[in-house]
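Asks: If you scroll down you'll find the structure; I have some questions about it.
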Amino acid sequence: MLKDKLDRILLSVQKPARYIGGEVGSVVKDKSKVDIRYAFCFPDTYDIGMSHLGMKILYALKNSVPNYWCERVFMPLPDMEQKMRENDIPLYGLESLEPIKDFEFIGFTLQYELCYTNIPAMLDLAGVPVFSKDRRSLFPIVMGGGPCVCNAEPVADFFDLFVLGEGEEVNLELMALAERYKKNGGTKEDFLNEAARIEGIYVPSLYDISYNVDGTVKAITPKGSAPAKVRKRIIDDFDKAFSPDYFVVPFTEIVHDRSVVEVLRGCIRGCRFCQAGFIYRPFREKSKKTIIDQVKALADSTGYDEVSLSSLSTSDYSDIEGLLCDLTEYTDAKGINLSLPSLRIDKFSEEVVNRIKSVRASGLTFAPEAGSQRLRDVINKNITEENVMKSCRIAFESGYSSVKLYFMMGLPTETSEDIAAIKTLADKITELYYSIPERSKRGISISVSLSTFIPKPFTPFEFEPLADEETVNERQKYLLELTGAKGRKKIDVSWSHYDTTLIEAALARGDRRLSAVIYEAWKSGCKLDSWGEYFKPELWAKAFEKCGLDISFYTHRTRSYDEVMPWSHMDMLFSRDFLIKENKKAHQGITTPNCREKCAGCAINKTLGRPCFHYGEGK
Amino acid sequence: MNNVTFPVRLFFSKTGRAKYISALDLINCIQRALRRTDLPVWHTQGFNPHTYVNINLPLALGTEGFCESMDIKLNEPVDYDIAAKKLDAVLPDDIHIYKAAAPIKKHTEIASSVYKVTAECDKDKLKEFFGRESMIAEKKTKKGTVELDLKPYINITDTDGAALTMTLPSGCDFTINPSLVFDTYERLTGDTVGSLGIQRIRILCKDGEDFV
């Protein structure tokens with residue numbers, strides 16, 4: 001039994017509690033009464049994965065079926081992986097402590113490109129062949145879900161199938177199919193062909209990819225029962241979407257150690273760089289009652305003293321003032337902290353601002369993304385300097401003294417003037433601070449965080465090149481020169497490293513040939529690439545070289561509007577013409593109003609057969 | 001404002017998977033568990049109020065405990081058995097409240113712990129080790145590593161073949177963990193301990209009585 005083996009090694013690794021399960025809320029079933037076992041693998045560490053809401057939803061959903069058992073699996077850190085390999089401990093589920101290679105499903109959630117090497121790493125540690133073609137038996141079925149499935153091509157060779165879109169319904173349909181196959185028998189081939197008929201299921205082996213001489217994709221040809229286009233699944237009635245009334249409550253500290261309730265899905269904003277803003281369309285909300293009931297249920301079952309409302313933009317909830325008023329009434333009475341990430345306070349009435357002052361704020365953060373209004377118009381980030389200033393004034397008047405600003409560098413059409421505008425904005429905030437009599441006694445602290453813009457599939461910028469290293473370095477240096485010399489009014493600037501940006505960019509818009517690169521990179525020692533201390537850019541460079549692929553083909557090339565994208569067979573329910581139209585508008589510096597103001601014409605309403613909003617009828 | 005509080009001592013076991021929960025994480029776990037009950041729990045007063053939980057003698061990571069205890073305070077009196085049952089119902093499987101009572105002794109009175117230890121090692125070497133005149137350990141303290149002769153502190157009361165029962169000093173001022181004894185054994189004899197199972201079975205006070 002693995003438990004005995006684990007007892008021998010756990011005291012010699014860091015934070016052993018994350019490798020042993022047993023937490024409140026973890027589901028342990030009698031396996032003699034279970035037909036389908038599912039290993040939910042998060043390809044990152046426990047601390048990261050346990051903070052993820054999607055995993056909590058699908059975990060509770062699968063376990064709500066009596067004869068299905070879903071367990072959690074995370075990527076062990078190198079100290080643990082080494083001990084596991086030395087002691088013949090294959091990757092196991094945290095609930096049963098049994099090897100996942102014997103489960104019917106091994107499912108990965110694909111949240112972030114830099115987690116891709118952890119997929120072969122975890123499969124190998126589980127004792128399962130890493131390539132789909134080498135797994136001949138029906139089970140385990142290795143599947144993937146999550147946002148990165150909108151272009152799963154770079155990891156396609158590792159997987160038997162993917163779920164495109166929201167998993168709340170399709171996961172159970174898939175497990176029911178597996179249950180039938182387990183009972184009646186059948187081959188993996190038959191299973192995959194049948195699965196491909198389920199809406200939202202993408203079976204990569206059922207598509208032939210051909211390439212042009214220049215390396216671009218020539219055609220994507222479906223085989224057998226596979227549809228020409230895989231249609232994204234959504235839960236149209238979001239108010240009725242499955243939502244867990246319990247979480248697994250960890251013993252050790254994790255990144256987001258609190259209960260979380262999702263208030264809405266999708267986003268009305270249409271920021272042109274933001275993949276989430278497009279792939280999670282359409283915009284849907286839960287009712288106020290549903291949200292409050294879910295907050296209460298989680299508070300009771302977890303004992304957390306903090307709850308967070310989650311969404312892409314919580315301020316866009318149609319009755320945000322009403323929601324916050326009702327919710328703070330409950331949380332104040334219960335002594336629960338309500339945290340509201342990325343809330344825009346400039347739009348609120350004074351009454352609401354006063355009400356949410358009791359909310360423990362993690363600090364004041366803004367993401368203008370670009371320094372100048374011109375560039376903000378290009379990226380369609382509809383936040384104005386006036387918005388920022390108004391929010392800052394409210395915050396400074398109630399005692400805040402630190403502001404964090406997020407910007408991107410390397411955006412399409414960016415010039416050094418846009419960079420200088422970052423400094424100007426920070427200076428204006430500083431001036432505002434010292435002009436407010438009620439300000440805190442502390443000096444202002446402004447931190448500016450710079451990331452490099454990475455073009456992603458299914459955004460109007462999917463055609464754009466990644467900015468080259470020289471340009472990005474030059475502009476970082478320029479900003480540092482501008483901000484460096486101001487004594488008391490020091491602005492703290494931090495930035496992302498270009499080498500991780502480069503790999504993320506290549507993987508984001510990569511094609512199927514990158515599976516070989518990821519395999520090579522992992523074989524040569526890459527894993528946990530999102531962790532600075534483990535990231536090895538030189539090994540990645542070698543892996544590309546060994547596979548005969550040029551990384552700049554994926555990163556620095558401008559795509560034409562008529563190019564067949566490696567992800568062209570994915571149907572995200574909105575039209576490609578819309579992306580082209582938005583791209584053209586970006587280059588003209590023309591903004592697009594948010595979806596609630598005016599329909600932007602992405603055509604998702606045609607797919608849904610209903611309007612997203614009832615225009616002209618009020619809220 | 002009601003300032004009267006009712007202290008409750010909760011006795012619990014912490015075994016199996018729960019032995020990997022650190023002392024700090026355990027407090028967090030209990031605080032959250034208390035919030036899952038409707039017990040009228042007292043919170044510390046002040047700028048940042050939190051649920052009051054005091055672990056009387058923290059257990060080393062990896063050691064199982066059968067006589068652990070913690071103190072909480074209630075704002076209203078609650079039947080001890082009911083309080084124990086309510087909290088036990090919302091705790092993880094491997095932490096079990098088996099009794100609640102009024103605190104009698106102060107945690108500062110704790111002097112030693114009795115452990116049952118199963119060690120996978122060379123039995124003859126172990127016997128020889130315990131028979132030594134002195135056994136100098138390298139004990140890690142806040143100020144660095146110090147040398148310490150364990151001999152006068154180890155009291156072996158029972159060696160029924162597989163398991164040893166040993167008493168070692170425990171408390172606010174001075175603690176020796178069984179793992180230090182076996183680290184020293186490995187260092188001085190060159191033998192390797194395969195697996196080491198440690199269970200705390202009693203906590204004793206300076207007067208020789210059980211901590212209650």
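Here, A, B, ... name the chains of the structure tokens in the order displayed, residue numbers run from 1 inside each chain, and ligands are numbered from 1 in the same displayed order.
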Name the residues in contact with A:Pro43 at a cut-off of 12 Å, using only C-alpha atoms, excluding same-chain residues fewer than 6 positions from it; report them as JSON, numbers by chain.
Replies: {"A": [49, 50, 52, 55, 72, 73, 74, 75, 76, 77, 106, 107, 108, 109, 110, 111, 112, 113, 114, 115, 116, 117, 118, 119, 120, 121, 122, 123, 144, 145, 146, 527, 528, 529, 530]}
Asks: Can you list, as a list in words, every protein, DNA or RNA residue that comes within 6 Å of stretch 159-171 of chain A when you count only C-alpha atoms, leaving out same-chain residues fewer than 4 positions away?
Replies: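 Near stretch 159-171 of chain A, the qualifying residues are Ser132, Val142, Met143, Gly144, Gly145, Val149, Gly200, Ile201, Tyr202, Val203, Lys232, Arg233 and Ile234 of chain A.
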Asks: Quick check: residues of chain A within 7 Å of chain B, only C-alpha atoms, returned as a list of chain:residue names.
Replies: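 Therefore, the residues near the partner are A:Arg8, A:Leu11, A:Pro16, A:Ala17, A:Ile20, A:Gly22, A:Glu23, A:Val24, A:Phe251, A:Thr252, A:Asp300, A:Ser301, A:Thr302, A:Gly303, A:Tyr304.
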Asks: Let me see the file: selected residues, C-alpha atoms, as a PDB file, in the first residue's frame.
Replies:
ATOM      1  CA  ARG A   8       8.758   6.604   4.946  1.00  0.00           C
ATOM      2  CA  LEU A  11       9.072  13.753   6.658  1.00  0.00           C
ATOM      3  CA  PRO A  16       4.318  17.124   3.517  1.00  0.00           C
ATOM      4  CA  ALA A  17       0.673  17.954   4.304  1.00  0.00           C
ATOM      5  CA  ILE A  20      -1.277  13.229   1.916  1.00  0.00           C
ATOM      6  CA  GLY A  22      -7.263  13.910   4.429  1.00  0.00           C
ATOM      7  CA  GLU A  23      -8.546  17.489   4.397  1.00  0.00           C
ATOM      8  CA  VAL A  24     -12.058  18.457   5.412  1.00  0.00           C
ATOM      9  CA  PHE A 251      -4.343  22.326   6.034  1.00  0.00           C
ATOM     10  CA  THR A 252      -1.402  24.193   4.578  1.00  0.00           C
ATOM     11  CA  ASP A 300     -21.073  27.339   6.749  1.00  0.00           C
ATOM     12  CA  SER A 301     -19.371  24.313   5.241  1.00  0.00           C
ATOM     13  CA  THR A 302     -15.790  25.574   5.026  1.00  0.00           C
ATOM     14  CA  GLY A 303     -15.453  27.831   8.064  1.00  0.00           C
ATOM     15  CA  TYR A 304     -13.455  30.288   5.966  1.00  0.00           C
TER      16      TYR A 304
END
Asks: Would you pick out the contacts of B:Gly190 at 12 Å or less, using only C-alpha atoms, so that residues sharing its chain but fewer than 5 positions from it are not included, and give the list as a tab-separated table (two decimals) with C-alpha atoms, in the first residue's frame?
Replies:
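Just written: around_34.tsv:
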chain	number	residue	atom	x	y	z
B	121	CYS	CA	16.83	-0.78	12.70
B	122	ASP	CA	19.48	-3.14	14.04
B	125	LYS	CA	22.99	-1.78	17.91
B	126	LEU	CA	19.99	-0.01	19.39
B	129	PHE	CA	23.24	2.56	22.02
B	182	PHE	CA	17.11	8.38	16.62
B	183	ASP	CA	19.05	10.98	14.61
B	184	THR	CA	21.74	10.66	17.27
B	185	TYR	CA	21.50	6.87	17.09
Asks: Find the residues near stretch 134-145 of chain B: any atom within 12 Å, counting only C-alpha atoms, skip ones fewer than 6 places away on the same chain, and give them as an mmCIF file with N, CA and C atoms, in the first residue's frame.
Replies:
data_model
loop_
_atom_site.group_PDB
_atom_site.id
_atom_site.type_symbol
_atom_site.label_atom_id
_atom_site.label_comp_id
_atom_site.auth_asym_id
_atom_site.auth_seq_id
_atom_site.Cartn_x
_atom_site.Cartn_y
_atom_site.Cartn_z
ATOM 1 N N GLU B 128 22.716 -1.563 22.357
ATOM 2 C CA GLU B 128 24.058 -1.084 22.734
ATOM 3 C C GLU B 128 24.048 0.434 22.894
ATOM 4 N N LYS B 151 21.697 11.246 27.466
ATOM 5 C CA LYS B 151 21.624 10.145 28.432
ATOM 6 C C LYS B 151 20.773 10.455 29.670
ATOM 7 N N PRO B 152 21.046 11.586 30.345
ATOM 8 C CA PRO B 152 20.283 11.818 31.586
ATOM 9 C C PRO B 152 18.794 12.078 31.366
ATOM 10 N N TYR B 153 18.401 12.341 30.135
ATOM 11 C CA TYR B 153 17.002 12.706 29.886
ATOM 12 C C TYR B 153 16.135 11.546 29.403
ATOM 13 N N ILE B 154 16.795 10.487 28.913
ATOM 14 C CA ILE B 154 16.013 9.393 28.342
ATOM 15 C C ILE B 154 15.648 8.390 29.419
ATOM 16 N N ASP B 173 9.973 25.108 28.316
ATOM 17 C CA ASP B 173 11.385 25.477 28.428
ATOM 18 C C ASP B 173 12.292 24.520 27.669
ATOM 19 N N PHE B 174 11.980 23.254 27.729
ATOM 20 C CA PHE B 174 12.949 22.284 27.226
ATOM 21 C C PHE B 174 12.229 21.051 26.702
ATOM 22 N N THR B 175 12.552 20.686 25.476
ATOM 23 C CA THR B 175 11.909 19.534 24.855
ATOM 24 C C THR B 175 12.954 18.702 24.126
ATOM 25 N N ILE B 176 12.844 17.403 24.283
ATOM 26 C CA ILE B 176 13.632 16.515 23.415
ATOM 27 C C ILE B 176 12.637 15.631 22.674
ATOM 28 N N ASN B 177 12.739 15.629 21.364
ATOM 29 C CA ASN B 177 11.851 14.796 20.562
ATOM 30 C C ASN B 177 12.491 13.433 20.305
ATOM 31 N N PRO B 178 11.677 12.393 20.226
ATOM 32 C CA PRO B 178 12.228 11.067 19.924
ATOM 33 C C PRO B 178 13.047 11.060 18.631
ATOM 34 N N SER B 179 12.654 11.900 17.679
ATOM 35 C CA SER B 179 13.410 11.899 16.415
ATOM 36 C C SER B 179 14.857 12.319 16.643
ATOM 37 N N LEU B 180 15.087 13.195 17.627
ATOM 38 C CA LEU B 180 16.467 13.595 17.940
ATOM 39 C C LEU B 180 17.245 12.397 18.478
ATOM 40 N N VAL B 181 16.571 11.589 19.279
ATOM 41 C CA VAL B 181 17.221 10.392 19.829
ATOM 42 C C VAL B 181 17.658 9.476 18.685
ATOM 43 N N PHE B 182 16.776 9.318 17.698
ATOM 44 C CA PHE B 182 17.106 8.383 16.621
ATOM 45 C C PHE B 182 18.066 8.991 15.594
ATOM 46 N N ASP B 183 18.017 10.322 15.443
ATOM 47 C CA ASP B 183 19.050 10.976 14.609
ATOM 48 C C ASP B 183 20.417 10.718 15.232
ATOM 49 N N THR B 184 20.487 10.857 16.552
ATOM 50 C CA THR B 184 21.738 10.656 17.271
ATOM 51 C C THR B 184 22.184 9.192 17.164
ATOM 52 N N TYR B 185 21.208 8.303 17.252
ATOM 53 C CA TYR B 185 21.498 6.875 17.089
ATOM 54 C C TYR B 185 22.154 6.619 15.731
ATOM 55 N N GLU B 186 21.565 7.185 14.685
ATOM 56 C CA GLU B 186 22.112 6.993 13.331
ATOM 57 C C GLU B 186 23.519 7.564 13.228
ATOM 58 N N ARG B 187 23.699 8.740 13.806
ATOM 59 C CA ARG B 187 24.990 9.411 13.694
ATOM 60 C C ARG B 187 26.080 8.663 14.453
ATOM 61 N N LEU B 188 25.735 8.146 15.639
ATOM 62 C CA LEU B 188 26.756 7.512 16.473
ATOM 63 C C LEU B 188 27.019 6.051 16.104
ATOM 64 N N THR B 189 26.012 5.365 15.559
ATOM 65 C CA THR B 189 26.217 3.939 15.268
ATOM 66 C C THR B 189 26.448 3.687 13.784
#
Asks: Excluding A:Ser416 and residues on its chain fewer than 2 positions from it, collect all residues at most 12 Å away from it, counting only C-alpha atoms, and give them as a ChimeraX atom specification.
Replies: /A:370-372,375,409-411,413-414,418-423,471-479,482
Asks: Give me the residues within 6 Å of stretch 491-500 of chain A as JSON, numbers by chain, counting only C-alpha atoms and dropping any in the same chain fewer than 5 places off.
Replies: {"A": [446, 447, 448, 449, 450, 451]}
Asks: Hey, can you spit out that residue selection with N, CA and C atoms as an mmCIF file, in the first residue's frame?
Replies:
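As a result, selection-v6.cif now contains:
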data_model
loop_
_atom_site.group_PDB
_atom_site.id
_atom_site.type_symbol
_atom_site.label_atom_id
_atom_site.label_comp_id
_atom_site.auth_asym_id
_atom_site.auth_seq_id
_atom_site.Cartn_x
_atom_site.Cartn_y
_atom_site.Cartn_z
ATOM 1 N N ILE A 446 3.834 53.960 -5.016
ATOM 2 C CA ILE A 446 3.263 53.541 -6.300
ATOM 3 C C ILE A 446 4.138 52.451 -6.881
ATOM 4 N N SER A 447 3.521 51.328 -7.200
ATOM 5 C CA SER A 447 4.310 50.325 -7.905
ATOM 6 C C SER A 447 3.712 50.081 -9.278
ATOM 7 N N VAL A 448 4.598 49.957 -10.224
ATOM 8 C CA VAL A 448 4.220 49.761 -11.611
ATOM 9 C C VAL A 448 4.706 48.384 -12.029
ATOM 10 N N SER A 449 3.775 47.577 -12.473
ATOM 11 C CA SER A 449 4.140 46.232 -12.871
ATOM 12 C C SER A 449 3.984 46.100 -14.386
ATOM 13 N N LEU A 450 5.051 45.717 -15.041
ATOM 14 C CA LEU A 450 5.049 45.641 -16.501
ATOM 15 C C LEU A 450 5.102 44.197 -16.961
ATOM 16 N N SER A 451 4.160 43.819 -17.789
ATOM 17 C CA SER A 451 4.300 42.501 -18.399
ATOM 18 C C SER A 451 4.425 42.724 -19.893
#
Asks: Please, what distance in Å, to one decimal, runs between atom CA of B:Ile72 and atom CA of B:Thr51?
Replies: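 Atom-to-atom, atom CA of B:Ile72 to atom CA of B:Thr51, that is 8.3 Å.
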Asks: Would you compute the distance between atom CA of A:Ile580 and atom CA of A:Thr314? Give it in Å to one decimal.
Replies: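 Distance reported for this atom pair: 28.0 Å.
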Asks: With only C-alpha atoms as the basis for distance, which of B:Lys73, B:Lys105, B:Lys116, B:Lys99 is at the shortest distance from B:Asp210?
Replies: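 That would be B:Lys105, the residue with the smallest distance to B:Asp210.
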